[in-house]
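**Student:** Below is coords.txt; it holds compact mmCIF, C-alpha atoms and all ligand atoms.
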```
# COMPACT_ATOMS: atom_id res chain seq x y z
CA MET A 1 -94.59 42.76 89.60
CA SER A 2 -91.22 41.09 89.93
CA GLY A 3 -88.44 42.56 92.06
CA ARG A 4 -86.30 43.45 89.05
CA THR A 5 -89.18 45.43 87.50
CA HIS A 6 -89.87 47.16 90.81
CA ALA A 7 -86.22 48.31 90.82
CA ILE A 8 -85.67 49.14 87.14
CA VAL A 9 -88.87 51.15 86.48
CA PRO A 10 -88.29 53.78 89.22
CA ALA A 11 -84.56 53.77 88.42
CA GLY A 12 -85.37 54.69 84.80
CA LEU A 13 -87.85 57.37 85.87
CA ALA A 14 -85.48 58.87 88.47
CA SER A 15 -82.60 58.79 86.02
CA LEU A 16 -84.67 60.78 83.52
CA LEU A 17 -85.96 63.21 86.16
CA PHE A 18 -82.64 63.83 87.88
CA ASN A 19 -80.29 64.00 84.90
CA ALA A 20 -78.93 60.45 85.38
CA ASP A 21 -77.72 61.22 88.90
CA PRO A 22 -76.31 57.88 90.17
CA LEU A 23 -77.19 58.39 93.85
CA LEU A 24 -80.81 59.39 93.17
CA THR A 25 -81.20 56.60 90.59
CA LEU A 26 -79.95 54.00 93.08
CA THR A 27 -82.12 55.48 95.85
CA ALA A 28 -85.24 55.18 93.68
CA ALA A 29 -84.35 51.59 92.75
CA LEU A 30 -83.92 50.56 96.41
CA ALA A 31 -87.10 52.41 97.42
CA GLY A 32 -88.85 50.51 94.62
CA LEU A 33 -87.93 47.24 96.35
CA ALA A 34 -88.67 48.39 99.92
CA PRO A 35 -92.50 48.03 100.12
CA ASP A 36 -92.16 44.23 99.77
CA ILE A 37 -90.57 44.17 103.21
CA ASP A 38 -94.01 42.75 104.15
CA GLU A 39 -93.23 39.59 102.15
CA PRO A 40 -90.49 37.39 103.71
CA TYR A 41 -89.62 35.73 100.37
CA SER A 42 -89.12 39.02 98.48
CA VAL A 43 -85.71 40.60 97.77
CA MET A 44 -86.04 42.92 100.79
CA GLY A 45 -87.91 40.38 102.92
CA GLN A 46 -85.08 37.84 102.65
CA ARG A 47 -82.55 40.40 103.86
CA PHE A 48 -84.69 41.81 106.67
CA TRP A 49 -86.57 38.62 107.50
CA PHE A 50 -86.91 39.45 111.23
CA LEU A 51 -88.83 42.64 110.30
CA SER A 52 -90.56 41.03 107.36
CA TRP A 53 -92.22 38.18 109.30
CA TRP A 54 -93.32 40.62 111.96
CA ILE A 55 -94.99 43.01 109.45
CA LYS A 56 -96.63 40.15 107.56
CA TYR A 57 -97.96 38.66 110.82
CA LEU A 58 -99.38 42.01 111.97
CA TRP A 59 -100.86 43.39 108.74
CA GLY A 60 -100.34 40.94 105.84
CA HIS A 61 -98.91 41.41 102.35
CA ARG A 62 -99.75 44.45 100.16
CA THR A 63 -101.39 46.34 103.01
CA ILE A 64 -99.79 49.13 105.06
CA SER A 65 -96.50 49.18 103.13
CA HIS A 66 -98.42 49.37 99.82
CA SER A 67 -100.62 52.32 100.82
CA LEU A 68 -100.82 56.02 100.05
CA LEU A 69 -100.55 56.68 103.79
CA MET A 70 -97.12 55.02 103.87
CA VAL A 71 -95.82 57.05 100.89
CA VAL A 72 -96.99 60.29 102.54
CA MET A 73 -95.54 59.30 105.95
CA ILE A 74 -92.16 58.47 104.39
CA GLY A 75 -92.13 61.79 102.52
CA VAL A 76 -92.99 63.82 105.63
CA ALA A 77 -90.54 61.87 107.83
CA GLY A 78 -87.77 62.41 105.26
CA LEU A 79 -88.34 66.16 105.24
CA VAL A 80 -88.60 66.34 109.05
CA VAL A 81 -85.21 64.64 109.52
CA MET A 82 -83.78 67.02 106.89
CA ILE A 83 -83.01 64.47 104.19
CA PRO A 84 -82.26 66.48 101.02
CA PHE A 85 -85.43 67.16 99.04
CA PRO A 86 -84.30 65.37 95.81
CA VAL A 87 -83.51 62.23 97.86
CA VAL A 88 -86.98 62.35 99.47
CA CYS A 89 -88.48 62.73 95.98
CA ALA A 90 -86.49 59.72 94.73
CA ILE A 91 -87.66 57.60 97.71
CA CYS A 92 -91.31 58.57 97.21
CA LEU A 93 -90.98 57.95 93.47
CA GLY A 94 -89.60 54.45 94.04
CA TRP A 95 -92.12 53.59 96.75
CA GLY A 96 -95.06 55.09 94.83
CA SER A 97 -94.15 53.29 91.60
CA HIS A 98 -94.08 49.98 93.50
CA VAL A 99 -97.62 50.59 94.79
CA LEU A 100 -98.81 51.47 91.28
CA LEU A 101 -97.14 48.42 89.70
CA ASP A 102 -98.64 46.08 92.30
CA ALA A 103 -102.04 47.70 91.78
CA ALA A 104 -101.65 46.61 88.14
CA SER A 105 -100.73 43.05 89.12
CA GLY A 106 -103.61 42.04 91.37
CA GLY A 107 -104.25 45.09 93.56
CA VAL A 108 -103.14 46.67 96.82
CA MET A 109 -104.80 48.22 99.88
CA PHE A 110 -104.04 51.70 98.62
CA TRP A 111 -106.40 53.40 101.10
CA TRP A 112 -105.17 51.36 104.11
CA PRO A 113 -106.39 51.18 106.92
CA SER A 114 -109.42 50.64 104.68
CA LYS A 115 -109.50 46.99 103.62
CA GLU A 116 -110.73 47.86 100.15
CA ARG A 117 -108.35 46.71 97.39
CA TRP A 118 -107.39 49.02 94.56
CA VAL A 119 -107.03 46.90 91.42
CA LEU A 120 -105.66 48.50 88.26
CA GLY A 121 -105.14 45.20 86.49
CA ARG A 122 -104.29 41.54 86.97
CA PHE A 123 -101.11 41.25 84.95
CA PRO A 124 -99.14 38.24 86.22
CA VAL A 125 -95.73 38.59 87.83
CA TYR A 126 -93.04 37.62 85.24
CA GLY A 127 -95.71 37.92 82.52
CA VAL A 128 -95.57 39.89 79.28
CA MET A 129 -96.48 43.23 80.91
CA ASP A 130 -93.87 42.68 83.62
CA ARG A 131 -91.20 42.12 80.97
CA ALA A 132 -92.38 45.07 78.86
CA LEU A 133 -92.15 47.40 81.87
CA LEU A 134 -88.70 46.05 82.67
CA VAL A 135 -87.50 46.82 79.12
CA GLY A 136 -89.25 50.23 79.24
CA GLY A 137 -87.51 51.16 82.50
CA PHE A 138 -84.15 50.09 81.11
CA LEU A 139 -84.71 52.17 77.94
CA LEU A 140 -85.56 55.23 80.08
CA PHE A 141 -82.30 54.72 81.91
CA LEU A 142 -80.33 54.52 78.66
CA VAL A 143 -82.05 57.61 77.19
CA SER A 144 -81.36 59.69 80.31
CA PHE A 145 -77.73 58.57 80.33
CA TRP A 146 -77.38 59.47 76.64
CA ILE A 147 -78.96 62.93 77.24
CA ARG A 148 -76.49 63.58 80.07
CA VAL A 149 -73.47 62.56 78.00
CA GLU A 150 -74.68 64.68 75.06
CA HIS A 151 -75.17 67.68 77.34
CA GLU A 152 -71.80 67.40 79.04
CA VAL A 153 -69.85 66.89 75.83
CA LYS A 154 -71.27 70.17 74.49
CA THR A 155 -71.05 72.04 77.82
CA PRO A 156 -67.90 71.67 79.93
CA ILE A 157 -68.73 70.33 83.39
CA MET A 158 -66.66 72.98 85.20
CA PRO A 159 -66.06 75.93 82.82
CA HIS A 160 -64.40 78.00 85.59
CA VAL A 161 -61.74 75.31 85.91
CA MET A 162 -61.65 73.93 82.40
CA GLY A 163 -61.60 77.33 80.70
CA SER A 164 -63.01 78.07 77.26
CA ALA A 165 -61.84 79.05 73.82
CA THR A 166 -62.07 82.68 72.67
CA GLU A 167 -63.21 83.68 69.17
CA SER A 168 -59.62 83.89 68.02
CA GLY A 169 -59.11 80.31 69.14
CA GLU A 170 -57.06 81.10 72.22
CA TRP A 171 -57.70 79.07 75.33
CA VAL A 172 -58.78 81.31 78.22
CA SER A 173 -59.00 80.04 81.76
CA GLY A 174 -61.81 81.62 83.79
CA GLU A 175 -59.69 81.90 86.93
CA GLY A 176 -56.46 82.78 85.19
CA ARG A 177 -55.00 79.37 85.84
CA MET A 178 -52.27 77.98 83.71
CA MET A 179 -53.79 74.96 81.99
CA GLY A 180 -50.60 73.11 81.18
CA ARG A 181 -46.87 73.13 81.04
CA GLY A 182 -44.43 72.98 78.19
CA ARG A 183 -46.77 74.51 75.60
CA GLU A 184 -48.02 77.99 74.83
CA GLU A 185 -51.02 79.02 76.92
CA THR A 186 -52.83 82.35 77.07
CA TRP A 187 -55.11 83.53 79.84
CA SER A 188 -56.73 86.76 80.97
CA GLU A 189 -56.67 88.57 84.25
CA GLY A 190 -59.17 91.08 85.62
CA GLY A 191 -57.81 93.99 83.62
CA GLY A 192 -58.01 92.09 80.36
CA ASN A 193 -54.20 91.91 80.05
CA GLU A 194 -53.10 88.81 78.25
CA HIS A 195 -50.07 86.82 79.20
CA VAL A 196 -48.35 84.14 77.25
CA VAL A 197 -46.67 81.40 79.20
CA GLY A 198 -44.94 78.18 78.37
CA ARG A 199 -42.29 79.72 76.15
CA ASP A 200 -40.39 82.99 76.10
CA VAL A 201 -42.06 84.90 73.22
CA SER A 202 -39.57 87.79 73.37
CA GLY A 203 -36.80 85.33 72.71
CA GLY A 204 -34.54 87.52 74.82
CA LYS A 205 -34.50 90.25 72.10
CA ASP A 206 -36.10 92.84 74.38
CA GLN A 207 -33.32 92.46 76.87
CA ALA A 208 -30.68 92.73 74.17
CA SER A 209 -32.01 95.95 72.63
ZN ZN B 1 -95.33 44.67 96.47
```
Any chance you could give the structure as structure tokens?
Ligand SMILES: [Zn+2]
**Tutor:**
Amino acid sequence: MSGRTHAIVPAGLASLLFNADPLLTLTAALAGLAPDIDEPYSVMGQRFWFLSWWIKYLWGHRTISHSLLMVVMIGVAGLVVMIPFPVVCAICLGWGSHVLLDAASGGVMFWWPSKERWVLGRFPVYGVMDRALLVGGFLLFLVSFWIRVEHEVKTPIMPHVMGSATESGEWVSGEGRMMGRGREETWSEGGGNEHVVGRDVSGGKDQAS
């Protein structure tokens, strides 16, 4: 498939899996482009041409970098060097989706070093299926982003900082912080005592009496 599809499909999947996390989404998109390092004219190959020509000369296109062995090796290496588990998952997701997409567009040497090609389909690059997958990946991304916004509008991101409203409509800060200045604010402390700040509610009458 085309480079844009290789990036957008895993980005959409990662976005849905990891609650639209931007770092993991970007990681999956880049990992989705990485296997074509074995093709000097690809997005990655053009940027790392010195490595790209070398890999293509040694093994050829859609071989070692498009194999199950490579996905497993990257996953194990990531865990060994203590890369956070979700990041390793995002890398393997991106890399694995690339292998699957290429298997559907002519085949890959999935079982490398075996020379046997695994062919899921022969959909042409930039063809109808390529475009459909591109749109599908983009829709996944939009859906995951919408789910995250919906969730965070209903649930404050940091309730211990933001505070929450009580049944009587008073605004209570979880850590007893004053949430603003110049207006009436109520918060609770450990003993349940309530304090009103922002204006003098006694109006000085207590002192006068
Ligand atoms: Zn490829």
**Student:** Looking at A:Pro10, A:Pro86, A:Gly96, A:Gly3, which one is nearest to Val72 of chain A, with distances taken over all atoms listed in the file?
**Tutor:**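 The answer is A:Gly96, which sits nearest to Val72 of chain A.
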**Student:** Distance limit 7 Å, reference ligand ZN 1 (chain B), atoms considered: only C-alpha atoms and all ligand atoms. Which residues make the cut? Give them as an MDAnalysis selection string.
**Tutor:** chainID A and resid 35:36 62 66 98:99 102
**Student:** Using only C-alpha atoms, find each residue in segment 102-144 of chain A having at least one atom no more than 7 Å away from segment 13-23 of chain A; report its shortest atom-to-atom pair and that distance in Å (one decimal), rows by chain then rising number, as a Markdown table.
**Tutor:**
```
| residue | atom | partner | partner_atom | distance |
| --- | --- | --- | --- | --- |
| A:Leu140 | CA | A:Leu13 | CA | 6.6 |
| A:Phe141 | CA | A:Ser15 | CA | 5.8 |
| A:Ser144 | CA | A:Leu16 | CA | 4.7 |
```
**Student:** Tell me which of A:Gly60, A:Gly94, A:Gly127, A:Gly136 sits closest to His6 of chain A, counting all atoms listed in the file.
**Tutor:**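 Result for the nearest residue to His6 of chain A: A:Gly94.
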**Student:** Rounded to one decimal in Å, what is the spacing between atom CA of Ala7 of chain A and atom CA of Ala90 of chain A?
**Tutor:**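 Atom CA of Ala7 of chain A sits 12.1 Å away from atom CA of Ala90 of chain A.
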